[in-house]
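Since the structure comes first, as structure tokens, the remarks are kept for the end.
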Amino acid sequence: MMSRHIGLIALLAALLQIVPSPPSHAADNETEARQEMVDLLEREVAAFAGETGIATIDPRVLEAMREVPRHAFVAEVLRPYAYRLQPLPITPEQNLAAPLLIALMTHLAAVQPDDVVFETGTDSGYQAAVLSKLAAHVYSVEVIEPLADYAAHLLKELGYSNVDVLAADGYYGWSDHAPYDAIVIKEAIDHVPQPLLNQLKRGGRLVIPLGPADGPQYLTLVRKDQAGKLFEERIMPVRFSPLQGGERL
């Protein structure tokens with residue numbers, strides 16, 4: 001695995017030297033840009049409502065996206081584009097998802113203030129920060145160790161104290177803190193990993209891009225009822241990078 005990721009080590013080591021300070025509350029242009037992003041996002045959600053069945057996003061999710069400084073989670077050269085409705089590169093292999101997908105996945109997770117949430121694919125930590133505004137605690141796993149270290153450092157610097165990041169294979173979850181009220185998987189896989197289903201609380205929600213790396217994928221909501229029975233609901237076609245990890249039985 002290290003050989004696959006060795007090209008990222010120098011990049012992420014450099015990024016760790018330029019973690020930004022928490023944004024000033026006086027940064028009116030950034031606040032206005034986030035508001036404009038959310039306004040555009042609401043229109044985009046409404047436009048896709050016929051496909052997703054979701055006409056509006058939970059106001060708490062929108063408020064979190066108004067507050068979290070998306071520009072702080074991308075390289076400085078990309079910050080002028082941070083509040084556009086588009087994905088942005090984090091590394092040569094990974095992107096920060098478009099705001100529409102961030103909003104839909106967070107909305108579907110239906111996170112409540114007392115919830116404990118697990119996510120895979122921390123990348124630079126943006127969605128973990130959004131989730132942290134909604135949940136009691138967020139546990140996030142990133143398979144690329146330098147990126148996990150970077151995200152953990154950045155989230156701490158920005159004041160997101162209720163997020164913990166682990167460098168590990170997200171396929172297996174983080175059993176030490178299970179069960180989880182909600183699980184958000186940010187990479188595609190052709191099945192729902194059994195370890196994650198085992199760590200999902202009864203009554204919990206799991207959001208996942210379900211499908212093969214080279215075939216059709218669907219953003220999917222998996223619910224576990226109080227009896228432990230699972231229900232799947234397809235939301236919309238998507239295209240995500242595959243869930244990375246080691247040998248799996």
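To be explicit about the labels: the chains of the structure tokens are called A, B, and onward in the order shown, and within each one the residues are counted from 1, while ligands get numbers from 1 in the order they are shown.
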At most 12 Å is the cut-off: for each residue in segment 85-134 of chain A with any atom that close to an atom of segment 225-235 of chain A, write down the nearest atom pair and the distance in Å rounded to one decimal, counting only C-alpha atoms, chain first then increasing number, as CSV.
residue,atom,partner,partner_atom,distance
A:Leu101,CA,A:Ile235,CA,11.1
A:Leu104,CA,A:Ile235,CA,9.3
A:Met105,CA,A:Ile235,CA,9.9
A:His107,CA,A:Ile235,CA,11.9
A:Leu108,CA,A:Ile235,CA,9.4
Counting only C-alpha atoms, give me one row per residue of segment 79-133 of chain A with an atom at most 12 Å from an atom of segment 145-164 of chain A, showing the shortest contact pair and its distance in Å to one decimal, sorted by chain then residue number, as JSON lines.
{"residue": "A:Ile90", "atom": "CA", "partner": "A:Leu147", "partner_atom": "CA", "distance": 9.3}
{"residue": "A:Thr91", "atom": "CA", "partner": "A:Leu147", "partner_atom": "CA", "distance": 8.9}
{"residue": "A:Glu93", "atom": "CA", "partner": "A:Leu147", "partner_atom": "CA", "distance": 11.6}
{"residue": "A:Gln94", "atom": "CA", "partner": "A:Leu147", "partner_atom": "CA", "distance": 10.4}
{"residue": "A:Pro113", "atom": "CA", "partner": "A:Asn162", "partner_atom": "CA", "distance": 12.0}
{"residue": "A:Asp114", "atom": "CA", "partner": "A:Asn162", "partner_atom": "CA", "distance": 11.9}
{"residue": "A:Asp115", "atom": "CA", "partner": "A:Asn162", "partner_atom": "CA", "distance": 11.6}
{"residue": "A:Val116", "atom": "CA", "partner": "A:Asn162", "partner_atom": "CA", "distance": 10.0}
{"residue": "A:Val117", "atom": "CA", "partner": "A:Val163", "partner_atom": "CA", "distance": 9.5}
{"residue": "A:Phe118", "atom": "CA", "partner": "A:Asp164", "partner_atom": "CA", "distance": 9.8}
{"residue": "A:Glu119", "atom": "CA", "partner": "A:Asp164", "partner_atom": "CA", "distance": 10.5}
{"residue": "A:Thr120", "atom": "CA", "partner": "A:Ala148", "partner_atom": "CA", "distance": 10.8}
{"residue": "A:Gly121", "atom": "CA", "partner": "A:Ala148", "partner_atom": "CA", "distance": 9.0}
{"residue": "A:Thr122", "atom": "CA", "partner": "A:Ala148", "partner_atom": "CA", "distance": 6.9}
{"residue": "A:Asp123", "atom": "CA", "partner": "A:Leu147", "partner_atom": "CA", "distance": 6.3}
{"residue": "A:Ser124", "atom": "CA", "partner": "A:Ala151", "partner_atom": "CA", "distance": 4.7}
{"residue": "A:Gly125", "atom": "CA", "partner": "A:Ala151", "partner_atom": "CA", "distance": 5.2}
{"residue": "A:Tyr126", "atom": "CA", "partner": "A:Leu155", "partner_atom": "CA", "distance": 8.5}
{"residue": "A:Gln127", "atom": "CA", "partner": "A:Leu155", "partner_atom": "CA", "distance": 10.8}
{"residue": "A:Ala128", "atom": "CA", "partner": "A:Val163", "partner_atom": "CA", "distance": 7.0}
{"residue": "A:Ala129", "atom": "CA", "partner": "A:Tyr160", "partner_atom": "CA", "distance": 6.5}
{"residue": "A:Val130", "atom": "CA", "partner": "A:Tyr160", "partner_atom": "CA", "distance": 9.6}
{"residue": "A:Leu131", "atom": "CA", "partner": "A:Val163", "partner_atom": "CA", "distance": 8.9}
{"residue": "A:Ser132", "atom": "CA", "partner": "A:Asn162", "partner_atom": "CA", "distance": 6.4}
{"residue": "A:Lys133", "atom": "CA", "partner": "A:Tyr160", "partner_atom": "CA", "distance": 8.6}
Preceding selection exported with C-alpha atoms as a CSV table (one decimal), in the first residue's frame:
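See selection_29.csv below for the written result:
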chain,number,residue,atom,x,y,z
A,90,ILE,CA,-7.3,17.1,-2.6
A,91,THR,CA,-4.6,14.8,-3.9
A,93,GLU,CA,-6.2,10.5,-6.5
A,94,GLN,CA,-8.9,12.1,-4.4
A,113,PRO,CA,-27.5,16.3,18.2
A,114,ASP,CA,-26.9,13.2,20.4
A,115,ASP,CA,-25.7,10.9,17.6
A,116,VAL,CA,-22.4,9.3,17.2
A,117,VAL,CA,-21.4,9.2,13.6
A,118,PHE,CA,-18.8,7.2,11.6
A,119,GLU,CA,-17.4,8.1,8.2
A,120,THR,CA,-14.9,6.7,5.8
A,121,GLY,CA,-12.8,8.7,3.4
A,122,THR,CA,-11.8,11.6,5.7
A,123,ASP,CA,-9.8,13.3,2.9
A,124,SER,CA,-9.0,16.8,4.2
A,125,GLY,CA,-11.8,16.7,6.7
A,126,TYR,CA,-14.6,18.9,5.2
A,127,GLN,CA,-17.5,16.6,5.6
A,128,ALA,CA,-16.3,15.5,9.0
A,129,ALA,CA,-16.5,19.2,10.0
A,130,VAL,CA,-20.0,19.5,8.6
A,131,LEU,CA,-21.1,16.4,10.5
A,132,SER,CA,-19.5,17.7,13.7
A,133,LYS,CA,-21.9,20.6,13.7
Asn198 of chain A: which residues within 12 Å, counting only C-alpha atoms, same-chain residues fewer than 2 positions away excluded, as a PyMOL selection string? chain A and resi 171-175+178-181+183+192-196+200-202+204+206+224+228-230
Generate a file of the selected residues that holds N, CA and C atoms, formatted as a compact mmCIF listing (two decimals), in the first residue's frame.
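Result went into part_0.txt, see below:
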# COMPACT_ATOMS: atom_id res chain seq x y z
N TYR A 171 -13.28 -0.06 5.53
CA TYR A 171 -14.14 -1.23 5.32
C TYR A 171 -14.50 -1.89 6.65
N TYR A 172 -13.57 -1.83 7.59
CA TYR A 172 -13.76 -2.52 8.87
C TYR A 172 -14.31 -1.61 9.96
N GLY A 173 -14.59 -0.35 9.61
CA GLY A 173 -15.16 0.56 10.58
C GLY A 173 -14.17 0.93 11.66
N TRP A 174 -14.73 1.28 12.83
CA TRP A 174 -13.93 1.63 14.01
C TRP A 174 -14.71 1.09 15.19
N SER A 175 -14.49 -0.18 15.47
CA SER A 175 -15.35 -0.92 16.41
C SER A 175 -15.27 -0.40 17.83
N ALA A 178 -18.27 1.88 18.32
CA ALA A 178 -19.59 1.42 17.85
C ALA A 178 -20.47 1.07 19.05
N PRO A 179 -21.79 1.02 18.86
CA PRO A 179 -22.50 1.18 17.59
C PRO A 179 -22.72 2.65 17.23
N TYR A 180 -22.95 2.89 15.94
CA TYR A 180 -23.11 4.25 15.43
C TYR A 180 -24.57 4.50 15.02
N ASP A 181 -25.01 5.72 15.28
CA ASP A 181 -26.35 6.12 14.86
C ASP A 181 -26.41 6.35 13.35
N ILE A 183 -23.77 6.22 9.62
CA ILE A 183 -22.49 5.91 8.96
C ILE A 183 -22.55 6.50 7.56
N VAL A 192 -22.41 -3.70 0.68
CA VAL A 192 -22.30 -2.99 1.96
C VAL A 192 -21.44 -3.83 2.90
N PRO A 193 -20.30 -3.31 3.35
CA PRO A 193 -19.41 -4.11 4.19
C PRO A 193 -20.11 -4.62 5.46
N GLN A 194 -19.99 -5.91 5.70
CA GLN A 194 -20.63 -6.49 6.87
C GLN A 194 -20.12 -5.89 8.18
N PRO A 195 -18.82 -5.59 8.31
CA PRO A 195 -18.38 -4.96 9.56
C PRO A 195 -19.10 -3.64 9.85
N LEU A 196 -19.43 -2.88 8.80
CA LEU A 196 -20.13 -1.62 9.02
C LEU A 196 -21.59 -1.85 9.40
N LEU A 200 -23.57 -0.61 12.89
CA LEU A 200 -24.70 0.32 12.78
C LEU A 200 -25.75 -0.02 13.83
N LYS A 201 -26.12 0.97 14.60
CA LYS A 201 -27.11 0.78 15.66
C LYS A 201 -28.48 0.44 15.07
N ARG A 202 -29.27 -0.29 15.80
CA ARG A 202 -30.66 -0.50 15.38
C ARG A 202 -31.38 0.84 15.37
N GLY A 204 -30.53 2.89 12.99
CA GLY A 204 -29.52 3.74 12.37
C GLY A 204 -29.63 3.82 10.86
N LEU A 206 -27.25 4.29 7.15
CA LEU A 206 -25.96 4.18 6.48
C LEU A 206 -26.12 4.70 5.06
N LYS A 224 -31.51 0.36 9.22
CA LYS A 224 -31.65 -0.82 10.06
C LYS A 224 -32.77 -0.53 11.05
N GLY A 228 -33.51 -5.07 13.60
CA GLY A 228 -32.27 -5.43 12.94
C GLY A 228 -32.42 -5.72 11.46
N LYS A 229 -33.63 -5.54 10.91
CA LYS A 229 -33.85 -5.79 9.49
C LYS A 229 -33.35 -4.60 8.68
N LEU A 230 -32.77 -4.89 7.50
CA LEU A 230 -32.18 -3.86 6.66
C LEU A 230 -33.09 -3.51 5.48
Taking only segment 49-206 of chain A into account, list the residues labelled strand (DSSP E or B) by DSSP (computed from the backbone), as a PyMOL selection string. chain A and resi 88-89+95-96+116-120+137-142+163-167+180-185+188-189+200-206
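A straight line drawn from atom CA of Leu210 of chain A to atom CA of His191 of chain A is 6.4 Å long.
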Run DSSP on the backbone and give me the residues of segment 17-248 of chain A it puts in alpha helix (DSSP H), as a ChimeraX atom specification. /A:28-47,49-52,59-67,99-109,126-132,145-157,194-199
Suppose you want the space between atom CA of Ile185 of chain A and atom CA of Gly203 of chain A; what is it in Å?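 A separation of 17.6 Å between them.
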Using only C-alpha atoms, which residue out of A:Ala49, A:Leu62, A:Val138, A:Val207 lies closest to Arg223 of chain A?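 Looking at the shortest contact to Arg223 of chain A, the residue is A:Val207.
Summary of the local environment: counting only C-alpha atoms, residues at most 10 Å from Pro212 of chain A, other than itself and those fewer than 2 positions away along its chain, are Ala188, Ile189, Asp190, His191, Pro209, Leu210, Asp214, Gly215, Pro216, Gln217, Tyr218, Arg239, Phe240, Ser241, Pro242 and Leu243 of chain A.
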Writing out the chosen residues with N, CA and C atoms as a CSV table (one decimal), in the first residue's frame:
chain,number,residue,atom,x,y,z
A,188,ALA,N,-17.0,4.3,-3.3
A,188,ALA,CA,-17.9,3.3,-3.9
A,188,ALA,C,-17.4,1.8,-3.6
A,189,ILE,N,-18.4,1.0,-3.4
A,189,ILE,CA,-18.1,-0.5,-3.3
A,189,ILE,C,-19.3,-1.2,-3.7
A,190,ASP,N,-19.1,-2.5,-4.2
A,190,ASP,CA,-20.2,-3.2,-4.8
A,190,ASP,C,-21.1,-3.9,-3.8
A,191,HIS,N,-20.8,-3.8,-2.5
A,191,HIS,CA,-21.6,-4.4,-1.5
A,191,HIS,C,-21.5,-3.5,-0.2
A,209,PRO,N,-22.2,5.1,-1.6
A,209,PRO,CA,-22.3,4.9,-3.1
A,209,PRO,C,-22.1,3.4,-3.4
A,210,LEU,N,-23.2,2.8,-3.8
A,210,LEU,CA,-23.2,1.3,-4.0
A,210,LEU,C,-23.1,1.0,-5.4
A,214,ASP,N,-16.1,0.2,-12.0
A,214,ASP,CA,-16.2,0.4,-13.4
A,214,ASP,C,-17.6,0.3,-13.9
A,215,GLY,N,-18.6,0.3,-13.1
A,215,GLY,CA,-20.0,0.1,-13.5
A,215,GLY,C,-20.9,1.1,-12.8
A,216,PRO,N,-22.2,0.9,-13.0
A,216,PRO,CA,-23.2,1.9,-12.4
A,216,PRO,C,-23.1,1.9,-10.9
A,217,GLN,N,-23.2,3.1,-10.3
A,217,GLN,CA,-23.2,3.3,-8.9
A,217,GLN,C,-24.4,4.1,-8.5
A,218,TYR,N,-24.9,3.9,-7.4
A,218,TYR,CA,-26.1,4.6,-6.9
A,218,TYR,C,-25.9,5.0,-5.4
A,239,ARG,N,-20.9,8.9,-9.2
A,239,ARG,CA,-19.6,8.3,-9.6
A,239,ARG,C,-18.6,8.7,-8.6
A,240,PHE,N,-18.2,7.7,-7.8
A,240,PHE,CA,-17.2,7.8,-6.7
A,240,PHE,C,-16.0,7.0,-7.0
A,241,SER,N,-14.8,7.4,-6.4
A,241,SER,CA,-13.7,6.5,-6.4
A,241,SER,C,-13.9,5.3,-5.6
A,242,PRO,N,-13.2,4.2,-5.8
A,242,PRO,CA,-13.5,2.9,-5.1
A,242,PRO,C,-13.0,3.0,-3.6
A,243,LEU,N,-13.6,2.3,-2.8
A,243,LEU,CA,-13.2,2.2,-1.4
A,243,LEU,C,-11.8,1.4,-1.3
